[in-house]
Each structure stands twice: as C-alpha cells, then as structure tokens.
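Source file: model01.txt (compact mmCIF, C-alpha atoms)
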```
# COMPACT_ATOMS: atom_id res chain seq x y z
CA GLN A 1 88.36 114.48 116.19
CA TYR A 2 86.68 116.58 113.48
CA PRO A 3 89.01 119.61 113.74
CA ALA A 4 92.11 117.46 114.29
CA ALA A 5 93.23 117.40 110.65
CA GLY A 6 93.01 121.19 110.45
CA HIS A 7 95.13 121.57 113.57
CA ILE A 8 97.71 119.19 112.11
CA TYR A 9 98.11 121.42 109.06
CA LEU A 10 98.28 124.54 111.23
CA ARG A 11 101.12 123.00 113.25
CA LEU A 12 102.95 122.03 110.09
CA ALA A 13 102.51 125.56 108.72
CA ALA A 14 104.01 127.01 111.88
CA LEU A 15 106.87 124.52 111.75
CA VAL A 16 107.94 125.24 108.16
CA GLY A 17 107.29 128.93 108.67
CA GLY A 18 109.93 128.89 111.40
CA MET A 19 112.29 127.40 108.81
CA ASN A 20 111.62 130.35 106.46
CA ARG A 21 109.92 128.10 103.90
CA SER A 22 107.07 130.40 102.97
CA VAL A 23 105.78 128.43 99.97
CA GLU A 24 105.28 125.30 102.07
CA ARG A 25 103.92 127.33 104.98
CA ASP A 26 101.19 128.89 102.84
CA ALA A 27 100.39 125.50 101.27
CA TYR A 28 99.78 124.04 104.73
CA TYR A 29 97.63 127.02 105.73
CA ARG A 30 95.54 126.48 102.59
CA ARG A 31 95.21 122.80 103.44
CA ALA A 32 94.08 123.66 106.96
CA LYS A 33 91.50 126.02 105.51
CA GLY A 34 90.26 123.50 102.95
CA VAL A 35 89.92 120.73 105.52
CA ALA A 36 88.08 123.00 107.95
CA GLU A 37 85.69 124.23 105.27
CA ALA A 38 84.91 120.68 104.17
CA LEU A 39 84.44 119.34 107.68
CA LEU A 40 82.33 122.30 108.80
CA LYS A 41 79.51 120.93 106.64
CA GLN A 42 79.45 117.68 108.62
CA ALA A 43 80.46 118.83 112.09
CA PRO A 44 78.28 116.98 114.60
CA ASP A 45 77.79 119.72 117.19
CA ALA A 46 78.27 123.39 117.99
CA ALA A 47 81.57 122.83 119.81
CA ALA A 48 83.13 121.16 116.77
CA GLN A 49 81.82 123.95 114.54
CA ARG A 50 83.39 126.60 116.79
CA GLU A 51 86.73 124.82 116.72
CA LEU A 52 86.63 124.47 112.95
CA ARG A 53 85.84 128.17 112.58
CA ASP A 54 88.86 128.84 114.79
CA VAL A 55 91.00 126.74 112.43
CA LEU A 56 89.65 128.78 109.51
CA ALA A 57 90.46 132.03 111.29
CA GLN A 58 94.02 130.93 112.09
CA ALA A 59 94.59 129.77 108.53
CA ASP A 60 93.27 133.04 107.07
CA SER A 61 95.40 135.02 109.53
CA GLY A 62 98.51 133.05 108.61
CA LEU A 63 97.92 133.52 104.89
CA ALA A 64 97.28 137.23 105.32
CA ALA A 65 100.44 137.68 107.38
CA GLY A 66 102.45 135.88 104.72
CA SER A 67 100.99 138.08 101.99
CA ARG A 68 101.84 141.26 103.90
CA LYS A 69 105.40 140.08 104.46
CA ALA A 70 105.87 139.18 100.79
CA ALA A 71 104.41 142.41 99.44
CA GLY A 72 107.00 144.57 97.71
CA THR A 73 109.83 142.08 98.13
CA ALA A 74 112.04 140.34 95.59
CA PRO A 75 110.63 137.78 93.11
CA PRO A 76 108.97 134.80 94.76
CA GLU A 77 111.22 131.98 95.91
CA LYS A 78 111.52 128.85 93.84
CA THR A 79 109.04 126.22 94.92
CA ALA A 80 110.81 123.85 97.27
CA LEU A 81 110.02 120.20 97.66
CA PRO A 82 108.59 119.46 101.10
CA GLU A 83 110.86 117.81 103.61
CA ALA A 84 110.45 114.03 103.62
CA ASP A 85 110.30 114.06 107.42
CA LEU A 86 107.40 116.52 107.35
CA LEU A 87 105.55 114.38 104.84
CA ARG A 88 106.14 111.37 107.09
CA LEU A 89 104.56 113.31 109.94
CA GLU A 90 101.62 114.22 107.73
CA LEU A 91 101.15 110.59 106.70
CA ALA A 92 101.14 109.45 110.32
CA ALA A 93 98.64 112.15 111.24
CA LEU A 94 96.25 111.32 108.41
CA ALA A 95 96.55 107.60 109.12
CA SER A 96 95.66 108.19 112.77
CA LEU A 97 92.54 110.01 111.58
CA GLY A 98 91.59 107.14 109.30
CA ARG A 99 92.33 109.22 106.19
CA PRO A 100 95.54 107.68 104.75
CA ASP A 101 94.22 107.61 101.16
CA GLU A 102 94.45 111.41 101.05
CA PHE A 103 98.20 111.09 101.33
CA GLN A 104 98.64 109.53 97.87
CA ALA A 105 97.05 112.54 96.17
CA ARG A 106 99.27 114.79 98.28
CA LEU A 107 102.41 112.86 97.35
CA ALA A 108 101.86 112.33 93.60
CA PRO A 109 103.04 115.78 92.41
CA VAL A 110 105.96 115.66 94.84
CA LEU A 111 107.11 112.35 93.34
CA ALA A 112 106.78 113.72 89.81
CA GLU A 113 108.81 116.82 90.72
CA ALA A 114 111.49 114.78 92.50
CA ALA A 115 111.81 112.41 89.54
CA GLY A 116 112.20 115.38 87.19
CA ARG A 117 114.80 117.10 89.33
CA PHE A 118 116.87 114.17 90.58
CA GLY A 119 115.91 111.09 88.57
CA PRO A 120 113.74 108.10 89.53
CA VAL A 121 116.56 106.09 91.14
CA SER A 122 118.12 108.93 93.11
CA GLN A 123 118.23 108.99 96.91
CA PRO A 124 115.98 112.10 97.15
CA TYR A 125 113.35 110.43 94.96
CA MET A 126 113.53 107.14 96.85
CA ARG A 127 112.92 108.95 100.17
CA TYR A 128 109.59 110.19 98.79
CA TYR A 129 108.84 106.88 97.08
CA SER A 130 109.28 105.01 100.36
CA LEU A 131 106.56 107.25 101.79
CA LYS A 132 104.26 106.24 98.93
CA LEU A 133 104.80 102.59 99.82
CA LYS A 134 104.22 103.30 103.50
CA GLY A 135 101.02 105.15 102.64
CA LEU A 136 99.72 102.20 100.62
CA GLU A 137 100.53 99.92 103.54
CA GLU A 138 98.82 102.21 106.05
CA SER A 139 95.64 102.31 103.95
CA GLY A 140 95.53 98.52 103.51
CA ARG A 141 96.00 98.66 99.74
CA VAL A 142 98.05 95.47 99.75
CA GLY A 143 97.46 94.61 96.10
CA GLU A 144 98.70 98.00 94.91
CA LEU A 145 101.67 97.85 97.24
CA THR A 146 102.57 94.37 95.97
CA ALA A 147 102.35 95.54 92.35
CA GLU A 148 104.63 98.51 93.09
CA LEU A 149 107.21 96.37 94.84
CA THR A 150 107.24 93.54 92.30
CA ALA A 151 107.71 96.11 89.51
CA GLN A 152 110.60 97.58 91.48
CA ALA A 153 112.08 94.08 91.95
CA ALA A 154 111.88 93.43 88.19
CA ASP A 155 114.30 96.28 87.54
CA PRO A 156 116.10 96.99 90.82
CA PRO A 157 118.49 99.93 91.17
CA GLY A 158 122.12 99.33 92.10
CA ARG A 159 125.69 100.03 91.08
CA ASN A 160 126.55 96.36 90.57
CA GLU A 161 124.97 92.90 90.51
CA ALA A 162 125.37 92.32 94.24
CA GLU A 163 123.65 95.60 95.09
CA ARG A 164 120.86 94.97 92.59
CA ALA A 165 120.28 91.50 93.99
CA LEU A 166 119.95 92.90 97.52
CA ASN A 167 117.61 95.67 96.38
CA GLN A 168 115.51 93.13 94.48
CA SER A 169 115.20 90.85 97.49
CA GLY A 170 114.49 93.83 99.73
CA ALA A 171 111.50 94.87 97.62
CA LEU A 172 110.16 91.31 97.51
CA LEU A 173 110.64 90.85 101.26
CA TYR A 174 108.72 94.05 101.98
CA ALA A 175 105.85 92.81 99.81
CA ALA A 176 105.98 89.36 101.39
CA ARG A 177 105.86 90.75 104.92
CA VAL A 178 102.84 92.95 104.20
CA ASN A 179 100.99 90.10 102.48
CA ALA A 180 101.71 87.78 105.40
CA GLN A 181 100.39 90.35 107.86
CA ALA A 182 97.25 90.72 105.73
CA GLY A 183 96.65 86.95 105.85
CA ARG A 184 97.58 86.46 102.18
CA THR A 185 99.89 83.61 103.03
CA ASP A 186 100.01 81.95 99.59
CA THR A 187 101.15 85.21 98.02
CA ALA A 188 103.63 85.81 100.83
CA ILE A 189 105.20 82.37 100.35
CA THR A 190 105.55 82.98 96.61
CA LEU A 191 107.24 86.32 97.22
CA TYR A 192 109.61 84.86 99.80
CA GLN A 193 110.51 82.10 97.33
CA GLN A 194 111.18 84.68 94.61
CA ALA A 195 113.40 86.66 96.97
CA LEU A 196 115.30 83.50 97.86
CA ALA A 197 115.76 82.55 94.19
CA GLY A 198 117.19 85.97 93.42
CA LEU A 199 119.90 85.47 96.04
CA ALA A 200 120.84 81.96 94.89
CA GLY A 201 124.59 81.53 94.47
CA ARG A 202 125.48 84.86 96.06
CA GLU A 203 128.12 84.44 98.75
CA GLU A 204 128.40 88.00 100.03
CA PRO A 205 127.86 88.02 103.83
CA THR A 206 124.75 90.20 103.61
CA ALA A 207 123.21 88.03 100.90
CA ALA A 208 124.03 84.81 102.77
CA GLU A 209 122.48 86.12 105.99
CA ARG A 210 119.39 87.26 104.15
CA ARG A 211 119.02 83.81 102.59
CA ARG A 212 119.12 82.22 106.04
CA GLN A 213 116.45 84.62 107.30
CA ILE A 214 114.17 83.90 104.34
CA GLU A 215 114.61 80.15 104.71
CA ALA A 216 113.64 80.40 108.38
CA VAL A 217 110.49 82.37 107.57
CA LEU A 218 109.54 79.96 104.80
CA ALA A 219 110.03 77.01 107.12
CA THR A 220 107.66 78.62 109.61
CA LEU A 221 105.00 79.44 107.01
CA THR A 222 105.06 76.15 105.18
CA GLY A 223 105.69 74.02 108.29
CA ALA A 224 102.61 75.49 109.94
CA GLY A 225 100.56 74.29 106.99
CA LYS A 226 99.34 77.78 106.15
CA LYS A 227 98.03 78.61 102.73
```
Represent the structure contained in this file as structure tokens.
Amino acid sequence: QYPAAGHIYLRLAALVGGMNRSVERDAYYRRAKGVAEALLKQAPDAAAQRELRDVLAQADSGLAAGSRKAAGTAPPEKTALPEADLLRLELAALASLGRPDEFQARLAPVLAEAAGRFGPVSQPYMRYYSLKLKGLEESGRVGELTAELTAQAADPPGRNEAERALNQSGALLYAARVNAQAGRTDTAITLYQQALAGLAGREEPTAAERRRQIEAVLATLTGAGKK
C-alpha cells in the first residue's frame, strides 16, 4: 500500500499527458515524486523502498521528458484548471488509502481559481465545490460539512424563488443524510425539518414530491424514538 499513492499520480500524469495537458501532467509527476520521497522515509521493508524508488525514477523521467519537449517552443500554455472528473478520481484514490484530508489542500486553490474565473455560483465552480463537500464527507468531517451546507442553504443560488427553494432544501437534505448516517439523529431531524419548512406552500410537482419524501423520513426517525 505504501507506493500506491505515487502510482495513482503517475497514472493521472499519463492520462492528462495523453490529453496534451502538459501543465497538469507535470503537476501530477511532481505529486508522485513528493509522495514517494515522503513515504520512502517510513517504508516498512526493502520491497516497498524499491517500489518507491521506481516511482521516483518514473516521475523524474516524465518531468525530464516534458522539459525536453517544451524547450525552445512557444510561450508556456495558460494554466488550465484540472478536470473535475480527474479530481473525483484522485479523491476516491486518496480516500481508499485513508488519506482524504489531503484532498482539501489540493482542491482549495482550484476552487479559488474557479471562483475568480467563472463566479461562485457558476456551474464550473459548483462542480469543484461538490467535490469539496464529498471530500469532507469521505473524511468524516461532518460538522464542517454541515456548516458548509447550512451556509449554502442560507443564500441558495437560483434563477427564481422555486429554484432557490429546491436548492435550499437540497443542501439541507444532503446535510441531514450525512448527519443521520453518522448517528447524529437530533441534528438530522432538525435539518429535515428546516428543509420541509423551506418548501411549505410550494405546489410545484418537484417541491411537492420532495415534501412527501422528507415527511416519510421524519416519520421514520421520530417514530422510531431516535434522538
């Protein structure tokens, strides 16, 4: 398992390299190198050390090849934001290694760049922001996730009142579900009740169906006598 994170970054480097995204490719090679160097100090046996040195060698080779290719060419390409699907793959990989907290540091500058380029309520930004929420969920940071989602529910995006009401309830339902799964039933019930209150009086089919779903969940939680 020790060299696994390095191999993940090597595969990602090869993947984006095949898409002619050299800035991202080199960033993944540098990540592979950094992970391997850090883990080499705590590798448990000679086999793991050999594999980590192989990761280092592949990362150095990839970086050197990229430098040779770029030498004498036109000005460097504009830094591109990483593909959301690639970040999702990276999140899943780090979570499987028990290292999901690393993902938040990875994502923070991407979110800042996306907000600057597209705005904090744009679809491109929200694709990255949804990964932040997923990362908090994967790492068990339920309190932080709840704070993020309740803040989002306090000022939901949307083109009209109906859309804002659905987005508000969606954020609260996400928070309620995660709290329920974490055994924080009191908090989950409160969040479900807030989501239900936000949909009160709305007769759009989607809103009405969502109300019925929330009422059914609340009946289960409160009827079971959970706290």
> If you count all atoms listed in the file, which residues fall within 9 Å of segment 24-28 of chain A, apart from same-chain ones fewer than 6 positions away, as a list in words?
Replying inline: Tyr9, Leu10, Arg11, Leu12, Ala13, Ala14, Leu15, Val16, Gly17, Gly18, Ala59, Gly62, Leu63, Gly66, Thr79, Ala80, Leu81 and Pro82 of chain A
>> With all atoms listed in the file as the counted atoms, please give the residues lying no more than 9 Å from segment 161-164 of chain A, apart from itself and same-chain residues fewer than 6 positions off, as a ChimeraX atom specification.
In response: /A:153,155,199,202,204,207
> Restricting the calculation to all atoms listed in the file, which member of A:Leu166, A:Glu138, A:Leu221, A:Ile214 is positioned closest to Asp186 of chain A?
Replying inline: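 For Asp186 of chain A, the nearest of the candidates is A:Leu221.
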Using only C-alpha atoms, which residues sit within 10 Å of Leu87 of chain A once same-chain residues fewer than 4 positions away are excluded, as an mmCIF file with C-alpha atoms, in the coordinates of the input?
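As written to disk, around.cif reads:
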```
data_model
loop_
_atom_site.group_PDB
_atom_site.id
_atom_site.type_symbol
_atom_site.label_atom_id
_atom_site.label_comp_id
_atom_site.auth_asym_id
_atom_site.auth_seq_id
_atom_site.Cartn_x
_atom_site.Cartn_y
_atom_site.Cartn_z
ATOM 1 C CA LEU A 12 102.950 122.030 110.090
ATOM 2 C CA PRO A 82 108.590 119.460 101.100
ATOM 3 C CA GLU A 83 110.860 117.810 103.610
ATOM 4 C CA LEU A 91 101.150 110.590 106.700
ATOM 5 C CA ALA A 92 101.140 109.450 110.320
ATOM 6 C CA ALA A 93 98.640 112.150 111.240
ATOM 7 C CA PHE A 103 98.200 111.090 101.330
ATOM 8 C CA ARG A 106 99.270 114.790 98.280
ATOM 9 C CA LEU A 107 102.410 112.860 97.350
ATOM 10 C CA TYR A 128 109.590 110.190 98.790
ATOM 11 C CA LEU A 131 106.560 107.250 101.790
#
```
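By chain and then residue number, the residues within 12 Å of Gln104 of chain A are A:Leu87, A:Glu90, A:Leu91, A:Leu94, A:Ala95, A:Arg99, A:Pro100, A:Ala108, A:Pro109, A:Val110, A:Leu111, A:Tyr128, A:Tyr129, A:Ser130, A:Leu131, A:Lys132, A:Leu133, A:Lys134, A:Gly135, A:Leu136, A:Glu137, A:Glu138, A:Ser139, A:Arg141, A:Glu144, counting all atoms listed in the file and disregarding those fewer than 4 positions away in sequence.
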> Out of A:Leu196, A:Ala64, A:Ala165, A:Leu149, which residue has the shortest atom-to-atom distance to Val178 of chain A when counting all atoms listed in the file?
Replying inline: A:Leu149
If we draw a sphere of 9 Å around (110.8, 92.4, 98.5), which residues have at least one atom in it when counting only C-alpha atoms? Please report them as a JSON list (two decimals) with C-alpha atoms, keeping the file's coordinate frame.
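For reference, point_9.json as written:
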```json
[["chain", "number", "residue", "atom", "x", "y", "z"],
["A", 146, "THR", "CA", 102.57, 94.37, 95.97],
["A", 149, "LEU", "CA", 107.21, 96.37, 94.84],
["A", 150, "THR", "CA", 107.24, 93.54, 92.30],
["A", 152, "GLN", "CA", 110.60, 97.58, 91.48],
["A", 153, "ALA", "CA", 112.08, 94.08, 91.95],
["A", 167, "ASN", "CA", 117.61, 95.67, 96.38],
["A", 168, "GLN", "CA", 115.51, 93.13, 94.48],
["A", 169, "SER", "CA", 115.20, 90.85, 97.49],
["A", 170, "GLY", "CA", 114.49, 93.83, 99.73],
["A", 171, "ALA", "CA", 111.50, 94.87, 97.62],
["A", 172, "LEU", "CA", 110.16, 91.31, 97.51],
["A", 173, "LEU", "CA", 110.64, 90.85, 101.26],
["A", 174, "TYR", "CA", 108.72, 94.05, 101.98],
["A", 175, "ALA", "CA", 105.85, 92.81, 99.81],
["A", 176, "ALA", "CA", 105.98, 89.36, 101.39],
["A", 177, "ARG", "CA", 105.86, 90.75, 104.92],
["A", 191, "LEU", "CA", 107.24, 86.32, 97.22],
["A", 192, "TYR", "CA", 109.61, 84.86, 99.80],
["A", 194, "GLN", "CA", 111.18, 84.68, 94.61],
["A", 195, "ALA", "CA", 113.40, 86.66, 96.97]]
```
> Smallest atom-to-atom distance to Leu39 of chain A: which of A:Ala57, A:Ala188, A:Ala5, A:Met19, using all atoms listed in the file?
Replying inline: A:Ala5
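One distance worth recording is that between atom CA of Val121 of chain A and atom CA of Pro157 of chain A, which is 6.5 Å.
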> Mind pulling up the distance from atom CA of Gln58 of chain A to atom CA of Lys33 of chain A?
Replying inline: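 These two atoms are separated by 8.6 Å.
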If the box runs along x, y and z of the file and leaves 6 Å on each side of segment 165-181 of chain A, what are its centre and edge lengths in Å, one decimal, as JSON?
```
{"center_x": 110.3, "center_y": 91.7, "center_z": 100.9, "size_x": 31.9, "size_y": 19.9, "size_z": 25.9}
```
> atom CA of Ala4 of chain A to atom CA of Leu86 of chain A: how many Å, to one decimal?
Replying inline: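 Atom CA of Ala4 of chain A sits 16.8 Å away from atom CA of Leu86 of chain A.
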>> Could you check the closest approach to Ser122 of chain A for each of A:Arg159, A:His7, A:Arg88, A:Arg21 and tell me which residue wins, using all atoms listed in the file?
In response: A:Arg159
> Which residue out of A:Arg31, A:Val55, A:Val23, A:Gly198 has the minimum interatomic distance to Ala154 of chain A when all atoms listed in the file are used?
Replying inline: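 With all atoms listed in the file as the atom set, the closest residue is A:Gly198.
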>> Between A:Arg210, A:Asn160, A:Arg50, A:Gly143, which residue has the minimum interatomic distance to Ala182 of chain A, considering only C-alpha atoms?
In response: A:Gly143
